[in-house]
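Here is the file data-v4.txt (compact mmCIF, C-alpha atoms).
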```txt
# COMPACT_ATOMS: atom_id res chain seq x y z
CA MET J 1 28.05 -19.82 -2.25
CA SER J 2 25.33 -22.04 -0.79
CA LEU J 3 22.75 -19.30 -0.21
CA PRO J 4 19.09 -19.64 -1.28
CA LEU J 5 19.27 -17.11 -4.12
CA ALA J 6 17.29 -17.36 -7.36
CA PRO J 7 18.94 -16.95 -10.79
CA LYS J 8 17.32 -13.53 -11.20
CA GLN J 9 18.74 -12.41 -7.86
CA LEU J 10 22.23 -13.55 -8.81
CA GLU J 11 21.94 -11.74 -12.15
CA TYR J 12 21.15 -8.49 -10.36
CA ILE J 13 23.88 -8.92 -7.73
CA ILE J 14 26.52 -9.52 -10.41
CA ASN J 15 25.51 -6.73 -12.80
CA SER J 16 24.46 -3.87 -10.49
CA THR J 17 27.68 -1.86 -10.76
CA ARG J 18 26.45 1.50 -12.11
CA LYS J 19 25.81 4.87 -10.48
CA TRP J 20 22.14 3.91 -10.13
CA ASN J 21 20.97 0.30 -9.95
CA ILE J 22 17.23 -0.32 -10.05
CA ALA J 23 15.31 -3.53 -9.37
CA HIS J 24 11.74 -2.98 -10.58
CA GLY J 25 8.71 -5.12 -11.25
CA SER J 26 5.89 -7.01 -9.59
CA VAL J 27 5.44 -7.80 -5.90
CA ARG J 28 7.10 -10.71 -4.05
CA THR J 29 9.75 -11.34 -6.69
CA GLY J 30 12.81 -11.35 -4.43
CA LYS J 31 14.14 -8.02 -5.70
CA THR J 32 14.38 -6.50 -2.19
CA VAL J 33 16.55 -9.33 -0.89
CA ALA J 34 18.79 -9.15 -3.95
CA ASN J 35 19.13 -5.40 -3.64
CA THR J 36 19.91 -5.65 0.07
CA PHE J 37 22.52 -8.35 -0.55
CA ARG J 38 24.19 -6.21 -3.20
CA PHE J 39 24.02 -3.09 -1.01
CA LEU J 40 25.76 -4.84 1.90
CA GLN J 41 28.34 -6.15 -0.54
CA ALA J 42 29.02 -2.56 -1.62
CA CYS J 43 29.18 -1.43 2.01
CA GLN J 44 32.16 -3.72 2.61
CA ASN J 45 34.22 -1.81 0.05
CA CYS J 46 32.96 1.68 0.88
CA PRO J 47 35.79 3.87 2.27
CA ASP J 48 33.53 5.82 4.67
CA SER J 49 30.24 5.76 6.58
CA ARG J 50 28.33 8.18 4.37
CA ILE J 51 25.87 5.36 3.84
CA TYR J 52 22.07 5.61 3.99
CA ILE J 53 19.02 3.38 3.83
CA VAL J 54 15.89 5.30 2.82
CA GLY J 55 12.29 4.13 3.00
CA HIS J 56 8.96 5.75 2.29
CA THR J 57 8.90 6.07 6.08
CA PHE J 58 11.39 5.06 8.76
CA ASP J 59 9.07 2.18 9.73
CA THR J 60 8.85 0.81 6.18
CA ALA J 61 12.63 1.02 5.87
CA TYR J 62 12.92 -1.11 9.00
CA ARG J 63 10.27 -3.58 7.88
CA ASN J 64 11.46 -4.00 4.29
CA VAL J 65 15.24 -3.73 4.68
CA ILE J 66 16.53 -3.88 8.25
CA ARG J 67 14.35 -6.76 9.40
CA PRO J 68 15.35 -9.03 6.47
CA ILE J 69 18.99 -8.24 7.21
CA LEU J 70 18.44 -9.52 10.74
CA GLU J 71 16.25 -12.51 9.78
CA ALA J 72 16.26 -13.54 6.09
CA PRO J 73 18.23 -16.73 5.32
CA GLU J 74 19.42 -15.24 2.01
CA LEU J 75 21.33 -12.60 3.99
CA ALA J 76 22.84 -14.97 6.55
CA LEU J 77 26.32 -14.36 5.12
CA TYR J 78 26.27 -10.78 6.46
CA ARG J 79 24.22 -11.20 9.63
CA PRO J 80 27.13 -11.91 12.04
CA PHE J 81 28.56 -8.50 11.14
CA CYS J 82 25.32 -6.53 11.63
CA SER J 83 23.70 -4.99 14.67
CA TRP J 84 20.69 -2.70 14.99
CA SER J 85 20.57 0.11 17.55
CA GLY J 86 16.94 1.06 16.95
CA LYS J 87 18.01 4.03 14.83
CA LYS J 88 21.14 3.01 12.95
CA LEU J 89 22.52 -0.18 11.42
CA TYR J 90 26.09 -1.08 12.32
CA PHE J 91 27.83 -3.20 9.69
CA ARG J 92 31.43 -4.16 10.32
CA ASP J 93 33.17 -0.78 10.85
CA LYS J 94 30.42 1.18 9.07
CA ILE J 95 27.50 3.17 10.51
CA ILE J 96 24.45 3.17 8.24
CA THR J 97 21.81 5.85 8.81
CA VAL J 98 18.13 5.08 8.20
CA LEU J 99 15.81 7.82 6.91
CA GLY J 100 12.21 8.33 5.76
CA ALA J 101 11.20 10.18 2.57
CA LYS J 102 7.42 10.36 2.81
CA ASP J 103 6.77 13.91 1.53
CA LYS J 104 8.32 17.26 0.72
CA GLY J 105 8.73 17.91 4.43
CA SER J 106 11.63 15.44 4.30
CA LEU J 107 13.62 17.54 1.81
CA ALA J 108 15.59 19.23 4.58
CA THR J 109 16.81 15.79 5.73
CA PHE J 110 18.69 15.31 2.46
CA ALA J 111 19.80 18.89 1.81
CA GLY J 112 23.57 19.28 2.24
CA MET J 113 24.13 15.53 2.54
CA THR J 114 26.93 13.74 0.72
CA ALA J 115 26.24 10.07 0.12
CA SER J 116 28.71 7.41 -0.85
CA LEU J 117 26.06 4.68 -0.87
CA ILE J 118 22.30 4.97 -0.67
CA TYR J 119 19.59 2.30 -0.68
CA CYS J 120 16.13 3.55 -1.69
CA ASP J 121 13.32 1.17 -0.84
CA GLU J 122 9.98 1.71 -2.66
CA ILE J 123 11.46 4.71 -4.45
CA THR J 124 8.41 5.34 -6.66
CA LEU J 125 6.49 6.34 -3.51
CA TYR J 126 8.79 9.30 -2.84
CA ASP J 127 7.92 12.82 -3.87
CA PRO J 128 9.78 13.50 -7.17
CA GLU J 129 11.61 16.46 -5.60
CA ILE J 130 13.04 14.15 -2.93
CA THR J 131 14.13 11.62 -5.57
CA GLU J 132 15.91 14.37 -7.49
CA MET J 133 17.49 15.66 -4.29
CA ILE J 134 18.77 12.16 -3.41
CA ASP J 135 20.27 11.85 -6.88
CA THR J 136 22.30 15.03 -6.38
CA ARG J 137 23.68 13.67 -3.08
CA LEU J 138 25.60 10.90 -4.90
CA SER J 139 28.46 13.27 -5.59
CA THR J 140 31.68 11.33 -4.89
CA PRO J 141 33.55 9.31 -7.54
CA HIS J 142 32.63 6.08 -5.73
CA SER J 143 28.97 6.99 -5.00
CA MET J 144 26.33 4.39 -5.89
CA GLY J 145 22.58 4.19 -5.50
CA PHE J 146 20.47 1.04 -5.21
CA ALA J 147 16.69 1.19 -5.56
CA THR J 148 13.71 -1.15 -5.51
CA CYS J 149 10.21 -0.33 -6.66
CA ASN J 150 6.95 -1.52 -8.06
CA PRO J 151 6.08 0.27 -11.31
CA ALA J 152 4.16 3.54 -11.38
CA HIS J 153 3.01 5.73 -14.29
CA PRO J 154 5.19 5.59 -17.44
CA ASN J 155 6.32 9.23 -17.09
CA HIS J 156 7.76 8.70 -13.61
CA ILE J 157 11.32 9.90 -13.06
CA ILE J 158 12.48 6.35 -12.22
CA LYS J 159 11.08 5.05 -15.51
CA GLN J 160 12.99 7.84 -17.24
CA TRP J 161 16.19 6.61 -15.58
CA ILE J 162 15.40 3.06 -16.66
CA ASN J 163 14.84 4.24 -20.23
CA LYS J 164 18.18 6.08 -20.18
CA GLY J 165 19.95 2.89 -19.15
CA VAL J 166 18.23 0.90 -21.88
CA ALA J 167 19.28 3.56 -24.38
CA GLY J 168 22.93 3.13 -23.38
CA ASP J 169 23.54 5.61 -20.55
CA THR J 170 26.15 3.85 -18.42
CA ASN J 171 25.03 5.66 -15.25
CA TYR J 172 21.95 3.44 -15.02
CA TYR J 173 21.41 -0.30 -14.69
CA SER J 174 17.98 -1.85 -14.24
CA LEU J 175 16.48 -5.31 -14.11
CA HIS J 176 12.79 -6.07 -14.56
CA TRP J 177 11.23 -8.73 -12.32
CA LYS J 178 8.08 -10.83 -12.66
CA LEU J 179 6.45 -12.97 -9.99
CA GLU J 180 7.48 -16.09 -11.92
CA ASP J 181 11.12 -15.12 -11.30
CA ASN J 182 10.78 -16.13 -7.64
CA PRO J 183 11.01 -19.93 -7.34
CA PHE J 184 10.52 -19.76 -3.57
CA VAL J 185 6.88 -18.59 -3.80
CA ASP J 186 4.38 -21.42 -4.28
CA GLU J 187 1.89 -21.52 -7.14
CA ASP J 188 -1.13 -21.11 -4.86
CA TYR J 189 0.18 -17.75 -3.68
CA LYS J 190 0.97 -16.64 -7.24
CA ASN J 191 -2.55 -17.56 -8.35
CA ARG J 192 -4.10 -15.79 -5.39
CA ILE J 193 -2.16 -12.59 -6.11
CA LYS J 194 -3.11 -12.84 -9.78
CA ASN J 195 -6.80 -13.26 -9.00
CA SER J 196 -6.99 -10.68 -6.22
CA LEU J 197 -5.74 -7.74 -8.30
CA SER J 198 -7.48 -5.80 -11.03
CA GLY J 199 -6.95 -2.88 -13.39
CA VAL J 200 -3.85 -0.79 -12.80
CA PHE J 201 -2.90 -2.80 -9.69
CA TYR J 202 -2.92 -6.03 -11.72
CA LYS J 203 -0.76 -4.51 -14.44
CA ARG J 204 1.73 -2.95 -12.04
CA ASN J 205 1.89 -5.38 -9.11
CA TYR J 206 1.44 -8.67 -10.98
CA LEU J 207 2.69 -8.03 -14.50
CA GLY J 208 5.20 -5.41 -13.38
CA GLU J 209 4.19 -2.95 -16.11
CA TRP J 210 4.63 0.83 -16.04
CA CYS J 211 1.17 2.03 -17.05
CA LEU J 212 -1.38 4.82 -16.64
CA ALA J 213 -4.19 4.56 -14.12
CA GLU J 214 -7.31 4.73 -16.26
CA GLY J 215 -10.88 3.50 -16.46
CA ALA J 216 -13.11 2.16 -13.69
CA ILE J 217 -11.30 1.50 -10.42
CA PHE J 218 -13.61 -1.33 -9.30
CA ASP J 219 -13.82 -2.70 -12.84
CA PHE J 220 -14.59 -6.19 -11.55
CA PHE J 221 -17.44 -5.19 -9.23
CA GLU J 222 -20.68 -7.11 -9.71
CA ARG J 223 -23.65 -6.85 -7.40
CA LYS J 224 -24.41 -10.58 -7.46
CA TYR J 225 -20.94 -11.33 -6.12
CA HIS J 226 -20.11 -8.42 -3.85
CA VAL J 227 -23.45 -7.18 -2.50
CA VAL J 228 -25.05 -9.24 0.30
CA LYS J 229 -28.56 -9.13 1.76
CA LYS J 230 -27.26 -9.68 5.27
CA PRO J 231 -23.84 -9.83 6.91
CA PRO J 232 -21.94 -12.95 5.81
CA ARG J 233 -21.10 -13.77 9.45
CA ASN J 234 -21.68 -12.52 12.95
CA ALA J 235 -19.44 -9.54 13.60
CA GLU J 236 -16.87 -9.90 16.37
CA TYR J 237 -16.95 -6.10 16.57
CA HIS J 238 -17.65 -3.01 14.46
CA VAL J 239 -15.63 0.01 13.35
CA ALA J 240 -16.70 3.01 11.30
CA GLY J 241 -15.29 5.48 8.80
CA ILE J 242 -16.39 9.08 8.33
CA ASP J 243 -15.79 11.46 5.44
CA TYR J 244 -16.67 14.90 6.74
CA GLY J 245 -18.45 17.38 4.50
CA THR J 246 -20.27 20.66 4.94
CA LEU J 247 -21.08 21.89 1.44
CA ASN J 248 -20.11 18.49 0.10
CA ALA J 249 -21.87 15.32 1.21
CA PHE J 250 -21.20 13.83 4.65
CA GLY J 251 -20.77 10.03 4.81
CA CYS J 252 -20.41 7.47 7.59
CA VAL J 253 -20.03 3.73 6.97
CA LEU J 254 -20.47 1.06 9.64
CA VAL J 255 -18.07 -1.85 9.05
CA GLY J 256 -18.50 -5.31 10.54
CA VAL J 257 -15.34 -7.29 11.28
CA SER J 258 -14.86 -11.03 11.71
CA THR J 259 -11.25 -12.07 12.22
CA GLY J 260 -11.88 -15.81 11.95
CA ARG J 261 -10.85 -16.30 15.55
CA TYR J 262 -13.99 -18.31 16.23
CA ASP J 263 -14.98 -19.92 12.93
CA GLN J 264 -11.44 -20.49 11.53
CA MET J 265 -12.47 -19.10 8.12
CA GLY J 266 -10.16 -16.10 8.25
CA LEU J 267 -10.69 -12.38 7.96
CA CYS J 268 -13.95 -11.01 6.60
CA ARG J 269 -15.27 -7.43 6.60
CA TRP J 270 -18.40 -5.80 5.24
CA ALA J 271 -19.96 -2.39 4.90
CA GLU J 272 -23.09 -3.01 6.97
CA LYS J 273 -24.95 0.32 6.99
CA GLU J 274 -24.47 3.87 5.79
CA TYR J 275 -25.37 7.36 6.96
CA TYR J 276 -25.41 9.88 4.11
CA TRP J 277 -26.36 13.55 4.03
CA ASP J 278 -25.98 15.67 0.89
CA ALA J 279 -26.47 19.35 1.75
CA ARG J 280 -26.72 20.32 -1.91
CA LYS J 281 -29.58 17.93 -2.64
CA THR J 282 -31.46 18.56 0.59
CA ASN J 283 -30.81 22.32 0.53
CA ARG J 284 -29.96 22.14 4.21
CA GLN J 285 -26.50 22.32 5.70
CA LYS J 286 -26.05 20.73 9.13
CA THR J 287 -23.82 21.94 11.93
CA ASN J 288 -21.06 19.89 13.55
CA SER J 289 -23.30 19.33 16.54
CA GLU J 290 -26.14 18.03 14.36
CA TYR J 291 -23.83 15.69 12.47
CA ALA J 292 -22.41 14.44 15.77
CA ASP J 293 -25.97 13.78 17.02
CA ASP J 294 -26.72 11.80 13.88
CA VAL J 295 -23.49 9.81 14.03
CA GLN J 296 -23.95 9.02 17.71
CA ALA J 297 -27.50 7.77 17.13
CA PHE J 298 -26.41 5.82 14.03
CA LEU J 299 -23.51 4.00 15.74
CA GLU J 300 -24.75 3.71 19.32
CA PRO J 301 -26.39 0.24 18.98
CA TYR J 302 -23.09 -1.28 17.80
CA GLY J 303 -20.54 -0.14 20.39
CA VAL J 304 -17.96 0.57 17.69
CA ARG J 305 -14.33 -0.05 18.60
CA ALA J 306 -12.98 2.89 16.55
CA ILE J 307 -14.28 5.68 14.32
CA TYR J 308 -11.78 6.60 11.61
CA VAL J 309 -12.24 10.22 10.58
CA ASP J 310 -10.79 12.40 7.84
CA PRO J 311 -7.63 13.85 9.49
CA SER J 312 -8.46 17.38 8.29
CA ALA J 313 -11.83 17.51 10.12
CA ALA J 314 -10.34 18.86 13.36
CA ALA J 315 -13.42 20.65 14.72
CA PHE J 316 -15.73 17.72 14.04
CA LYS J 317 -13.34 15.23 15.65
CA LEU J 318 -13.28 17.41 18.74
CA GLU J 319 -17.10 17.40 18.80
CA LEU J 320 -17.14 13.58 18.70
CA ARG J 321 -14.47 13.27 21.38
CA ARG J 322 -16.45 15.51 23.71
CA ARG J 323 -19.19 12.90 23.51
CA GLY J 324 -16.78 10.12 24.47
CA LEU J 325 -16.68 8.48 21.04
CA PRO J 326 -13.51 6.54 20.05
CA VAL J 327 -12.16 8.85 17.32
CA VAL J 328 -9.00 7.90 15.42
CA ASP J 329 -7.24 9.86 12.67
CA ALA J 330 -7.62 7.95 9.43
CA ASP J 331 -4.66 7.13 7.20
CA ASN J 332 -5.47 9.13 4.07
CA ASP J 333 -3.08 7.37 1.69
CA VAL J 334 -5.45 7.28 -1.29
CA LEU J 335 -3.60 5.00 -3.72
CA ASN J 336 -2.60 2.36 -1.17
CA GLY J 337 -6.03 2.56 0.40
CA ILE J 338 -7.72 1.89 -2.93
CA SER J 339 -5.31 -0.97 -3.59
CA VAL J 340 -6.17 -2.61 -0.25
CA MET J 341 -9.92 -2.22 -0.86
CA THR J 342 -9.88 -3.62 -4.39
CA SER J 343 -7.68 -6.57 -3.37
CA ALA J 344 -9.88 -7.32 -0.33
CA MET J 345 -13.00 -7.28 -2.46
CA ARG J 346 -11.50 -9.55 -5.10
CA ASP J 347 -10.12 -11.82 -2.36
CA ASN J 348 -13.69 -12.30 -1.07
CA ILE J 349 -12.92 -10.70 2.30
CA LEU J 350 -14.80 -7.44 1.74
CA TYR J 351 -18.51 -7.19 0.97
CA VAL J 352 -21.15 -4.47 0.81
CA SER J 353 -24.63 -4.80 2.30
CA GLN J 354 -27.64 -3.86 0.22
CA GLU J 355 -28.38 -1.46 3.10
CA CYS J 356 -25.71 0.82 1.54
CA PRO J 357 -27.28 1.96 -1.76
CA ASN J 358 -25.28 5.19 -2.03
CA LEU J 359 -22.00 3.39 -1.38
CA ILE J 360 -22.84 0.83 -4.07
CA ARG J 361 -23.58 3.65 -6.52
CA GLU J 362 -20.23 5.29 -5.73
CA ILE J 363 -18.33 2.02 -6.21
CA GLU J 364 -19.89 1.50 -9.63
CA THR J 365 -19.02 5.02 -10.83
CA TYR J 366 -15.54 5.41 -9.27
CA VAL J 367 -12.99 6.12 -12.05
CA TRP J 368 -9.38 7.25 -12.42
CA ASP J 369 -8.74 10.85 -13.39
CA SER J 370 -7.34 10.56 -16.92
CA LYS J 371 -6.14 14.18 -17.04
CA ALA J 372 -4.21 13.74 -13.80
CA ALA J 373 -2.74 10.46 -15.13
CA GLU J 374 -1.32 12.27 -18.16
CA LYS J 375 0.54 14.56 -15.74
CA GLY J 376 1.87 11.60 -13.77
CA ASP J 377 -0.59 11.64 -10.85
CA ASP J 378 -2.50 8.50 -9.85
CA LYS J 379 -5.77 9.66 -8.32
CA PRO J 380 -9.51 9.14 -8.76
CA ILE J 381 -11.92 11.80 -9.93
CA LYS J 382 -13.12 13.63 -6.82
CA LYS J 383 -16.85 13.30 -7.38
CA ASP J 384 -19.47 11.22 -5.57
CA ASP J 385 -16.86 9.43 -3.45
CA HIS J 386 -17.74 10.43 0.11
CA LEU J 387 -18.92 7.04 1.37
CA LEU J 388 -16.09 5.36 -0.51
CA ASP J 389 -13.62 7.62 1.28
CA ALA J 390 -15.28 6.72 4.58
CA LEU J 391 -15.00 3.01 3.77
CA ARG J 392 -11.36 3.45 2.72
CA TYR J 393 -10.54 5.14 6.02
CA ALA J 394 -11.96 2.18 7.96
CA ILE J 395 -10.58 -0.61 5.79
CA TYR J 396 -7.08 0.79 5.26
CA THR J 397 -6.46 2.26 8.70
CA HIS J 398 -7.92 -0.56 10.79
CA LYS J 399 -5.57 -3.55 10.71
CA PRO J 400 -7.36 -6.53 12.31
CA THR J 401 -5.49 -9.76 12.89
CA PHE J 402 -7.03 -12.92 11.54
CA PHE J 403 -6.79 -16.61 12.30
CA ASP J 404 -6.31 -18.65 9.15
CA TYR J 405 -6.29 -16.98 5.74
CA GLU J 406 -5.67 -20.17 3.81
CA ALA J 407 -8.65 -21.88 5.43
CA HIS J 408 -10.74 -18.85 4.56
CA ASN J 409 -9.54 -18.90 0.96
CA LYS J 410 -10.36 -22.59 0.55
CA ARG J 411 -13.82 -22.25 2.08
CA GLN J 412 -14.60 -19.18 -0.02
CA ASN J 413 -13.56 -20.90 -3.23
CA GLU J 414 -15.78 -23.86 -2.37
CA TYR J 415 -18.67 -21.52 -1.57
CA MET J 416 -18.34 -19.55 -4.82
CA GLN J 417 -17.97 -22.78 -6.82
CA ASN J 418 -21.19 -24.16 -5.35
CA ARG J 419 -23.10 -20.89 -5.72
CA PHE J 420 -21.88 -19.56 -9.04
CA GLY J 421 -19.85 -22.35 -10.63
CA GLY J 422 -16.61 -20.49 -9.96
CA PHE J 423 -15.52 -16.99 -9.10
CA ASN J 424 -11.94 -16.29 -10.01
CA GLY J 425 -12.61 -16.25 -13.72
CA ARG J 426 -15.08 -13.37 -13.55
```
Structure rendered as structure tokens:
Amino acid sequence: MSLPLAPKQLEYIINSTRKWNIAHGSVRTGKTVANTFRFLQACQNCPDSRIYIVGHTFDTAYRNVIRPILEAPELALYRPFCSWSGKKLYFRDKIITVLGAKDKGSLATFAGMTASLIYCDEITLYDPEITEMIDTRLSTPHSMGFATCNPAHPNHIIKQWINKGVAGDTNYYSLHWKLEDNPFVDEDYKNRIKNSLSGVFYKRNYLGEWCLAEGAIFDFFERKYHVVKKPPRNAEYHVAGIDYGTLNAFGCVLVGVSTGRYDQMGLCRWAEKEYYWDARKTNRQKTNSEYADDVQAFLEPYGVRAIYVDPSAAAFKLELRRRGLPVVDADNDVLNGISVMTSAMRDNILYVSQECPNLIREIETYVWDSKAAEKGDDKPIKKDDHLLDALRYAIYTHKPTFFDYEAHNKRQNEYMQNRFGGFNGR
């Protein structure tokens, strides 16, 4: 078979014959392609169309599974027999249904279902109740489940399944993947991923370890590297993030964006200025109208393209919209948002201006909640994080395109080498 498959991928394809088959480990290892190949192989022999592909959302299922089926060279063997309707995948004489499993609201989707085959992409992102529900749906003698994931906390239900398989339970097969297992990814990319991650994200996404989220979140943060006296470039435009608070502090962060469209250095963003009001410290609570006045005056000189606001602040968003401000609901995915921010900062594409003293203080004191981690929840301690939440809304929700990342990376490395004698080893 002259397909571009790595030895680790072939190992998984050959040995994944159990009730549950789990490919787990670091990012960009080739586990998704191997799992998809094996899933399609199983579809050929399935006697019915009770077949499902599940993603964290419908869109991620399309991006991570359906699109590679239609485009990836490793799956070319099956492509002539596949067609995509926009909602379902047709494979030979089979109809494969695609579903999302983002939260408990999706439970009803799986209730009453009988599944002969099910593919679970990014399964550690599902609510545990959904994962357990999916497991009960594999109820026929020929039912099989295939799952891919990056590691989570060591008490996660998927890690328990993996442990059962290691201990000899024949219902479970798993294979651990490291970035080095993918021979088709060049060394520059591997080094960049290694150097852009830190803390729990380094352990899980690079080393592929199942570990607790503990300690400082921005454990690498140093003012001499990450705090700038003035914006590193001219902004092509600005956006803003707002964390709304009444009794708690209210925070707004102005973010400058340079996509590299004009200087060919690649994407760069920076927290340029902050607005911060703590009602507890000032002993004065402001109204929605007063906050809207302050925000309007704060952002007016910059003509911001979008203002990303805490989705739960319905009344305040309405107040801003009445004034004609470009309000957008922020994506409040905390863990992925933190991951994007930490990687961007370590990749030298996110900076903080010295005009943001409260934001800097929050970054330096932002820590994982150790008690929550013991219960299996990855979340930070909710204290003094209002400007950080505002920054996360802007950075994670706003997805700017950029011109040339590699050029940016080369120029940044040269800059840090000249200024500090190196950066990646910090």
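Interatomic distance, atom CA of Val228 of chain J to atom CA of Pro357 of chain J: 11.6 Å.
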Could you name the residues that touch Leu388 of chain J at 9 Å or less, counting only C-alpha atoms, but leaving out those on the same chain fewer than 4 positions away, as a PDB file with C-alpha atoms, keeping the file's coordinate frame?
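Below is the file that was written, part-v1.pdb:
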```pdb
ATOM      1  CA  ASP J 243     -15.790  11.460   5.440  1.00  0.00           C
ATOM      2  CA  GLY J 251     -20.770  10.030   4.810  1.00  0.00           C
ATOM      3  CA  VAL J 253     -20.030   3.730   6.970  1.00  0.00           C
ATOM      4  CA  LEU J 359     -22.000   3.390  -1.380  1.00  0.00           C
ATOM      5  CA  ILE J 360     -22.840   0.830  -4.070  1.00  0.00           C
ATOM      6  CA  GLU J 362     -20.230   5.290  -5.730  1.00  0.00           C
ATOM      7  CA  ILE J 363     -18.330   2.020  -6.210  1.00  0.00           C
ATOM      8  CA  TYR J 366     -15.540   5.410  -9.270  1.00  0.00           C
ATOM      9  CA  ASP J 384     -19.470  11.220  -5.570  1.00  0.00           C
ATOM     10  CA  ARG J 392     -11.360   3.450   2.720  1.00  0.00           C
ATOM     11  CA  TYR J 393     -10.540   5.140   6.020  1.00  0.00           C
TER      12      TYR J 393
END
```
Original post:
If you measure from atom CA of Val65 of chain J to atom CA of Thr124 of chain J, what distance in Å do you get, rounded to one decimal?
Top reply: 16.0 Å
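Taking atom CA of Leu70 of chain J as the reference point, atom CA of Cys120 of chain J is found at 18.2 Å.
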**OP:** Might you pull out every residue within 9 Å of segment 88-93 of chain J, with all atoms listed in the file counted and same-chain residues fewer than 4 positions away left off, and present them as a list of chain:residue names?
**Re:** J:Leu40, J:Cys43, J:Gln44, J:Ser49, J:Ile66, J:Tyr78, J:Arg79, J:Phe81, J:Cys82, J:Ser83, J:Trp84, J:Thr97, J:Val98
What does the file look like for those residues with C-alpha atoms, as a compact mmCIF listing (two decimals), in the coordinates of the input?
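Now in selection-v2.txt:
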```txt
# COMPACT_ATOMS: atom_id res chain seq x y z
CA LEU J 40 25.76 -4.84 1.90
CA CYS J 43 29.18 -1.43 2.01
CA GLN J 44 32.16 -3.72 2.61
CA SER J 49 30.24 5.76 6.58
CA ILE J 66 16.53 -3.88 8.25
CA TYR J 78 26.27 -10.78 6.46
CA ARG J 79 24.22 -11.20 9.63
CA PHE J 81 28.56 -8.50 11.14
CA CYS J 82 25.32 -6.53 11.63
CA SER J 83 23.70 -4.99 14.67
CA TRP J 84 20.69 -2.70 14.99
CA THR J 97 21.81 5.85 8.81
CA VAL J 98 18.13 5.08 8.20
```
Grab all the atoms of segment 153-164 of chain J that the file lists, wrap them in a box along x, y and z, add 6 Å per side, and give me centre plus edge lengths in Å (one decimal) as JSON.
```
{"center_x": 10.6, "center_y": 6.5, "center_z": -16.2, "size_x": 27.2, "size_y": 18.8, "size_z": 20.0}
```
**OP:** Show which residues sit within 12 Å of Asp369 of chain J, as a PyMOL selection string. Count only C-alpha atoms, and ignore same-chain residues fewer than 6 positions away.
**Re:** chain J and resi 212-217+375-383
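Using only C-alpha atoms, the residues found no farther than 10 Å from Lys317 of chain J, other than those of its own chain fewer than 5 positions away, are Tyr244, Asn288, Ala292, Ile307, Tyr308, Val309, Asp310, Pro311, Ser312, Arg322, Leu325, Pro326, Val327, Val328 and Asp329 of chain J.
Closest to Asp389 of chain J among J:Tyr351, J:Gly337, J:Cys356, J:Gly86 is J:Gly337, based on only C-alpha atoms.
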